[in-house]
Structures are given as C-alpha cells and as structure tokens.
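Enquirer: First the structure, then my questions, so here it is.
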Amino acid sequence: MSLRIVVCVKYVPDATGDRHFADDLTVDRDDVDGLLSELDEYAVEQALQIADEADDAEITVLTVGPEDAKDALRKALSMGADKAVHVEDDDLHGTDVIGTSLVLAKAVEKTGYDLVICGMASTDGTMGVLPALLAERLGVPQVTLLSEVSVADGVVKGRRDGDTASEQLEASLPAVVSVTDQSGEARYPSFKGIMAAKKKPVESLDLGDLDLEADEVGLEGAWTAVDSAAQRPARTAGTIVKDEGEGGKQLAEFLASQKFI
Ligand SMILES: Cc1cc2nc3c(=O)[nH]c(=O)nc-3n(C[C@H](O)[C@H](O)[C@H](O)COP(=O)(O)OP(=O)(O)OC[C@H]3O[C@@H](n4cnc5c(N)ncnc54)[C@H](O)[C@@H]3O)c2cc1C
C-alpha cells in the first residue's frame with residue numbers, strides 16, 4: 001500500500017521586506033510579499049527522499065494560509081511533491097498556534113496520512129511547537145527535531161542531535177516528525193519540475209469542509225492575544241571613534257557602556 005506523506009508548509013512574510021502589524025495587532029499578511037518558509041524546504045526534501053526509498057509513496061503538501069499561500073504550495077510541488085491542500089477561510093484571520101494546529105489536524109485527517117513531516121520552526125512565528133501540538137491532536141507519536149530520518153517496515157527512525165549526545169529515535173506509523181536544517185540541503189526546483197507543478201492538483205478547503213466553526217479559530221478562538229506592538233525604532237547613525245592616541249580606551253569604554261564587555 002502506498003505510503004501517504006503529508007508535509008506541512010507555511011507561507012511566511014519575506015524577512016527581507018518591510019513587515020508591520022495591522023490595526024488589530026495581527027501581522028499584516030496582505031501587504032507584504034511572502035514565500036515558502038525556508039525551514040519547510042528541508043521537510044519537503046526529506047519527504048522526497050523517503051518517497052524515493054519507498055516502493056510506492058504519495059506526498060501531499062498542506063498549508064493553512066491566505067490566497068497567496070498557494071505560491072508556497074507551488075514551490076513545494078515544483079520540488080517534486082504530488083499534490084497540495086490549501087486551507088483558506090476569512091475566519092482564519094488572527095488564528096494562533098493552538099487554532100492552527102486544530103485546522104492542520106482536521107486537514108491531515110481528511111487527507112489521510114501515514115507520516116506527517118514538519119519543519120523545525122517557521123521563519124516568522126518560530127515557536128517550533130506546532131508539530132507537538134499536531135501529534136497530540138492526532139493522537140499519534142511525535143519524533144521531533146530530527147537531523148536524519150528514514151522509514152522502513154511501518155516505522156519511522158531518526159537521529160536527534162543535542163549538545164552532548166545524539167539520540168536514535170523511532171516510532172511506529174502513523175506519526176508526526178519534524179526535521180532540522182541539518183537534515184540535508186533542499187533541492188532547487190528544476191525547469192521540468194516548475195512546469196509539471198502547474199498541472200498538479202491543489203485542493204482548496206474552508207472551515208466548513210473541516211467541520212470547524214468560526215469561533216474555534218481566528219481572534220475569537222485564540223488562546224493568546226497581543227496587547228501592544230511598536231515598530232522598531234529607526235537605526236541611528238553609528239558612533240565613530242577617531243584614534244588620536246586614546247582610540248583603544250574609547251573603544252573599550254563604548255563597548256563596556258553597551259555591555260558588550
Ligand atoms: C492568515 C493567518 C493569520 C494568522 N494570524 C495570527 C495571529 O494573529 N496571531 C497568531 O498568534 N498567529 C497567527 N497565525 C498563525 C501563525 O502564523 C502560525 O501559523 C501559527 O501560530 C504556528 O506558529 P509558528 O509559525 O510559530 O509555528 P512553528 O511551531 O514554529 O512551526 C513548525 C512547523 O509547523 C508547520 N506549520 C506552522 N504553521 C503552519 C501553517 N500555517 N500551515 C502549514 N504548516 C504550518 C511547518 O511545518 C513549520 O515548520 C496566522 C496564520 C495565518 C495563516
């Protein structure tokens with residue numbers, strides 16, 4: 001039977017662009033360019049390698065995000081994933097990580113899965129907690145932060161590297177794993193892959209399709225709230241230390257005043 005892999009990929013604001021908060025203190029996602037979170041490219045890469053090793057496998061990439069999040073799905077499809085699922089609904093506005101894990105769990109269950117692969121953290125929220133929440137909601141084992149991962153005989157195995165030791169971990173499928181940026185460079189989409197991605201199916205789901213009510217997600221359903229947010233102050237001109245014999249001393253005093261030394 002085919003190994004069903006679902007890869008959770010997030011569409012994130014481009015960190016090189018200007019980012020700001022909307023009036024309701026949520027991140028303004030409409031007014032900024034976005035892209036597939038770079039850390040999720042590693043998750044797609046590992047899915048492709050696992051699928052290559054399996055006799056028969058199908059990779060679905062899944063995102064919860066606004067209309068433009070389709071760009072992230074297309075990138076993952078152009079890398080080689082087979083199909084995509086996009087959960088999009090106006091009522092998702094303001095959904096926190098608890099709500100996002102609920103929506104993803106429902107979508108993963110609807111899609112059908114043996115293995116869910118996530119990135120280690122998104123490059124915007126960077127909580128790194130979603131894979132654990134997702135596993136809990138699905139009621140399956142989680143093996144997180146893997147720098148090496150493989151699947152054989154209904155078992156997922158991996159290596160988690162810590163500061164003092166490397167652990168070899170395994171779990172029976174179905175399971176949720178997350179992979180780190182040490183798991184292996186993600187491939188670039190080939191021209192053929194980009195062309196093929198245009199024809200791959202992208203299923204759109206809304207909250208109703210997932211039997212979810214609006215008040216279970218969005219700002220209303222969020223367990224967390226942002227009380228205030230302020231734009232980072234503009235950079236000021238640097239301090240120039242001119243060496244007229246006392247330069248070293250002045251430099252040391254400056255570094256000490258900034259608590260660098
Ligand atoms: C339209 C929209 C509006 C939002 N508004 C808010 C808000 O106002 N306040 C708030 O707290 N949060 C909001 N969120 C949710 C937030 O952006 C995160 O998706 C969520 O909180 C997960 O946290 P994280 O990014 O830190 O996940 P992490 O735990 O760092 O992510 C780990 C991994 O989980 C997977 N993952 C995470 N998010 C998604 C996703 N959306 N789709 C698919 N896979 C994913 C990826 O594989 C990722 O590498 C919003 C999300 C969307 C799409």
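Naming works like this for the structure tokens: A, B, ... for the chains as they're shown, residue 1 at the start of each chain, ligands 1 onward in shown order.
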Can you pull out every residue with an atom within 7 Å of ligand 1? Use only C-alpha atoms and all ligand atoms and format it as a compact mmCIF listing (two decimals) with C-alpha atoms, in the first residue's frame.

Expert:
```txt
# COMPACT_ATOMS: atom_id res chain seq x y z
CA VAL A 7 4.23 17.81 4.58
CA CYS A 8 3.07 20.92 6.48
CA VAL A 9 4.48 24.01 4.81
CA LYS A 10 3.99 27.60 5.86
CA TYR A 11 3.79 30.71 3.70
CA THR A 26 -2.09 40.85 13.84
CA VAL A 27 0.73 40.56 11.34
CA ARG A 29 -0.09 39.47 5.66
CA LEU A 39 12.92 25.72 7.03
CA ASP A 40 9.98 23.88 5.47
CA LEU A 62 -0.53 21.22 3.15
CA THR A 63 -0.77 24.84 4.17
CA VAL A 64 -3.11 27.00 6.24
CA GLY A 65 -2.80 30.48 4.90
CA PRO A 66 -4.15 33.30 2.75
CA LEU A 92 -8.85 32.20 9.99
CA HIS A 93 -7.66 35.78 10.43
CA GLY A 94 -5.90 36.02 13.81
CA THR A 95 -5.70 32.26 14.43
CA ASP A 96 -2.92 31.47 16.90
CA VAL A 97 -0.78 28.32 17.08
CA ILE A 98 -3.44 26.41 19.04
CA THR A 100 -3.56 26.45 13.53
CA LEU A 104 -3.99 21.30 10.36
CA ILE A 117 6.60 15.90 8.23
CA CYS A 118 7.01 19.45 9.54
CA GLY A 119 9.85 21.94 9.60
CA MET A 120 11.66 22.62 12.89
CA ALA A 121 10.04 26.08 13.17
CA SER A 122 8.55 28.65 10.88
CA ASP A 124 8.18 34.11 11.23
CA GLY A 125 6.45 32.71 14.33
CA THR A 126 9.43 30.45 15.19
CA MET A 127 7.63 28.78 18.09
CA GLY A 128 8.66 25.30 16.97
CA VAL A 129 5.77 23.86 18.91
CA LEU A 130 3.28 23.14 16.18
CA PRO A 131 4.48 19.59 15.38
CA LEU A 219 -9.03 36.02 17.07
CA THR A 224 -3.14 34.28 23.10
```

Enquirer: Need to verify the contact set: Glu41 (chain A), 7 Å, only C-alpha atoms, exclusion of same-chain residues closer than 4 positions in sequence. Can you return it as a PyMOL selection string?

Expert: chain A and resi 37+45+186

Enquirer: Take the residues that were just selected and, keeping N, CA and C atoms, output them as a short mmCIF file (atom, residue, chain, number, x, y, z; two decimals), in the first residue's frame.

Expert:
```
data_model
loop_
_atom_site.label_atom_id
_atom_site.label_comp_id
_atom_site.auth_asym_id
_atom_site.auth_seq_id
_atom_site.Cartn_x
_atom_site.Cartn_y
_atom_site.Cartn_z
N SER A 37 8.35 29.06 3.74
CA SER A 37 9.34 29.15 4.82
C SER A 37 10.54 28.27 4.48
N GLU A 45 12.16 18.23 1.28
CA GLU A 45 13.30 17.43 0.79
C GLU A 45 13.30 16.04 1.43
N ALA A 186 18.01 21.29 0.72
CA ALA A 186 16.82 21.12 -0.11
C ALA A 186 17.18 21.34 -1.58
#
```

Enquirer: Select, from A:Val140, A:Ala132, A:Val151, A:Leu146, the residue with the minimum atom-to-atom distance to Arg4 (chain A), counting only C-alpha atoms.

Expert: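 For Arg4 (chain A), the nearest of the given residues is A:Val151.
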
Enquirer: Which residue is closest to Ser183 (chain A)? Choose from A:Ala196, A:Lys75, A:Ala43, A:Ser204 and count only C-alpha atoms.

Expert: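 Using only C-alpha atoms, Ser183 (chain A) sits closest to A:Ala43.
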
Enquirer: Once DSSP has gone over the backbone, tell me which residues of region 11-212 of chain A are in strand (DSSP E or B), as an NGL selection string.

Expert: :A and (11-13 or 21 or 27 or 34-36 or 57-64 or 83-87 or 115-119 or 142-146 or 148-152 or 155-161 or 166-172 or 175-179 or 202-205)

Enquirer: DSSP says alpha helix (DSSP H) for which residues of region 2-224 of chain A? Put them as a VMD selection string?

Expert: chain A and resid 38 to 53 70 to 79 97 to 111 130 to 138 191 to 197 218 to 221

Enquirer: Looking at only C-alpha atoms, which of A:Asp33, A:Glu148, A:Glu38, A:Glu253 is the one that sits closest to Ser178 (chain A)?

Expert: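 Among the listed residues, A:Glu148 lies closest to Ser178 (chain A).
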
Enquirer: Hey, which of A:Thr111, A:Met79, A:Leu48, A:Asp68 ends up closest to Glu203 (chain A)? Count only C-alpha atoms.

Expert: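 The answer is A:Thr111, which sits nearest to Glu203 (chain A).
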
Enquirer: For region 193-195 of chain A, list every protein, DNA or RNA residue within 10 Å, evaluated using only C-alpha atoms, and leave out those in the same chain fewer than 6 positions away; present the list as a list in words.

Expert: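 Residues meeting the cut-off are Arg74, Lys75, Ala76, Leu77, Ser78, Met79, Gly80 and Ala81 of chain A.
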
Enquirer: Pick out the residues sitting within 12 Å of Gly17 (chain A), and hand them over as a list in words; count only C-alpha atoms, and ignore anything fewer than 2 positions along from it in its own chain.

Expert: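 Those residues are Val12, Pro13, Asp14, Ala15, Arg19, His20, Arg29, Asp31, Val32, Asp33, Gly34 and Leu35 of chain A.
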
Enquirer: How about saving the chosen residues, C-alpha atoms kept, as an mmCIF file, in the first residue's frame?

Expert:
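File result_17.cif, as written:
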```
data_model
loop_
_atom_site.group_PDB
_atom_site.id
_atom_site.type_symbol
_atom_site.label_atom_id
_atom_site.label_comp_id
_atom_site.auth_asym_id
_atom_site.auth_seq_id
_atom_site.Cartn_x
_atom_site.Cartn_y
_atom_site.Cartn_z
ATOM 1 C CA VAL A 12 5.671 33.408 5.600
ATOM 2 C CA PRO A 13 6.300 37.122 5.050
ATOM 3 C CA ASP A 14 9.604 37.732 3.271
ATOM 4 C CA ALA A 15 12.046 38.708 6.034
ATOM 5 C CA ARG A 19 6.823 43.946 7.814
ATOM 6 C CA HIS A 20 4.218 45.575 10.015
ATOM 7 C CA ARG A 29 -0.089 39.473 5.657
ATOM 8 C CA ASP A 31 0.549 43.970 2.207
ATOM 9 C CA VAL A 32 3.820 42.018 2.129
ATOM 10 C CA ASP A 33 5.467 39.586 -0.223
ATOM 11 C CA GLY A 34 5.699 36.068 1.078
ATOM 12 C CA LEU A 35 7.398 32.777 0.323
#
```

Enquirer: Please measure the separation of CA of Asp181 (chain A) and CA of Gln142 (chain A), giving the value in Å to one decimal.

Expert: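 Between CA of Asp181 (chain A) and CA of Gln142 (chain A) the gap works out to 18.0 Å.
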
Enquirer: Nearest to Lys83 (chain A) among A:Lys110, A:Lys259, A:Lys199, A:Arg159, with distances taken over only C-alpha atoms: which residue is it?

Expert: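 When distances to Lys83 (chain A) are compared using only C-alpha atoms, the smallest one comes from A:Lys199.
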
Enquirer: May I have the residues within 8 Å of Val143 (chain A) as a PyMOL selection string, using only C-alpha atoms and disregarding those fewer than 4 positions away in the same chain?

Expert: chain A and resi 158+169-171+175-178

Enquirer: Store the residues picked out above, limited to N, CA and C atoms, as a short mmCIF file (atom, residue, chain, number, x, y, z; two decimals), in the first residue's frame.

Expert:
```cif
data_model
loop_
_atom_site.label_atom_id
_atom_site.label_comp_id
_atom_site.auth_asym_id
_atom_site.auth_seq_id
_atom_site.Cartn_x
_atom_site.Cartn_y
_atom_site.Cartn_z
N GLY A 158 14.93 8.12 13.33
CA GLY A 158 15.68 9.34 13.09
C GLY A 158 16.69 9.61 14.17
N LEU A 169 16.00 7.71 17.57
CA LEU A 169 14.60 7.61 18.00
C LEU A 169 13.80 6.88 16.95
N GLU A 170 12.72 6.26 17.36
CA GLU A 170 11.84 5.65 16.37
C GLU A 170 10.41 5.63 16.87
N ALA A 171 9.48 5.55 15.96
CA ALA A 171 8.06 5.48 16.32
C ALA A 171 7.35 4.67 15.24
N ALA A 175 2.68 8.71 12.40
CA ALA A 175 3.44 9.54 13.33
C ALA A 175 3.67 10.92 12.72
N VAL A 176 4.08 11.85 13.59
CA VAL A 176 4.46 13.20 13.16
C VAL A 176 5.95 13.37 13.44
N VAL A 177 6.70 13.87 12.47
CA VAL A 177 8.10 14.19 12.72
C VAL A 177 8.36 15.64 12.31
N SER A 178 9.41 16.21 12.90
CA SER A 178 9.90 17.49 12.37
C SER A 178 11.39 17.33 12.09
#
```

Enquirer: Applying 9 Å and only C-alpha atoms, which residues near Ile261 (chain A) remain after dropping the ones on its own chain fewer than 5 positions away? List them as a list in words.

Expert: Ala252, Leu255 and Ala256 of chain A

Enquirer: Take the residues just selected and output them with C-alpha atoms as an mmCIF file, in the first residue's frame.

Expert:
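And here's selection35.cif as it stands now:
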```
data_model
loop_
_atom_site.group_PDB
_atom_site.id
_atom_site.type_symbol
_atom_site.label_atom_id
_atom_site.label_comp_id
_atom_site.auth_asym_id
_atom_site.auth_seq_id
_atom_site.Cartn_x
_atom_site.Cartn_y
_atom_site.Cartn_z
ATOM 1 C CA ALA A 252 36.675 49.727 25.254
ATOM 2 C CA LEU A 255 31.787 48.503 24.345
ATOM 3 C CA ALA A 256 31.516 48.478 28.152
#
```

Enquirer: Counting only C-alpha atoms, which of A:Trp223, A:Tyr113, A:Phe21, A:Phe191 gets nearest to Thr60 (chain A)?

Expert: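 For Thr60 (chain A), the nearest of the candidates is A:Tyr113.
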
Enquirer: Report, in Å with one decimal, the straight-line distance from CA of Asp114 (chain A) to CA of Asp211 (chain A).

Expert: 21.8 Å

Enquirer: Would you compute the distance between CA of Glu53 (chain A) and CA of Lys192 (chain A)? Give it in Å to one decimal.

Expert: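 The value is 21.6 Å.
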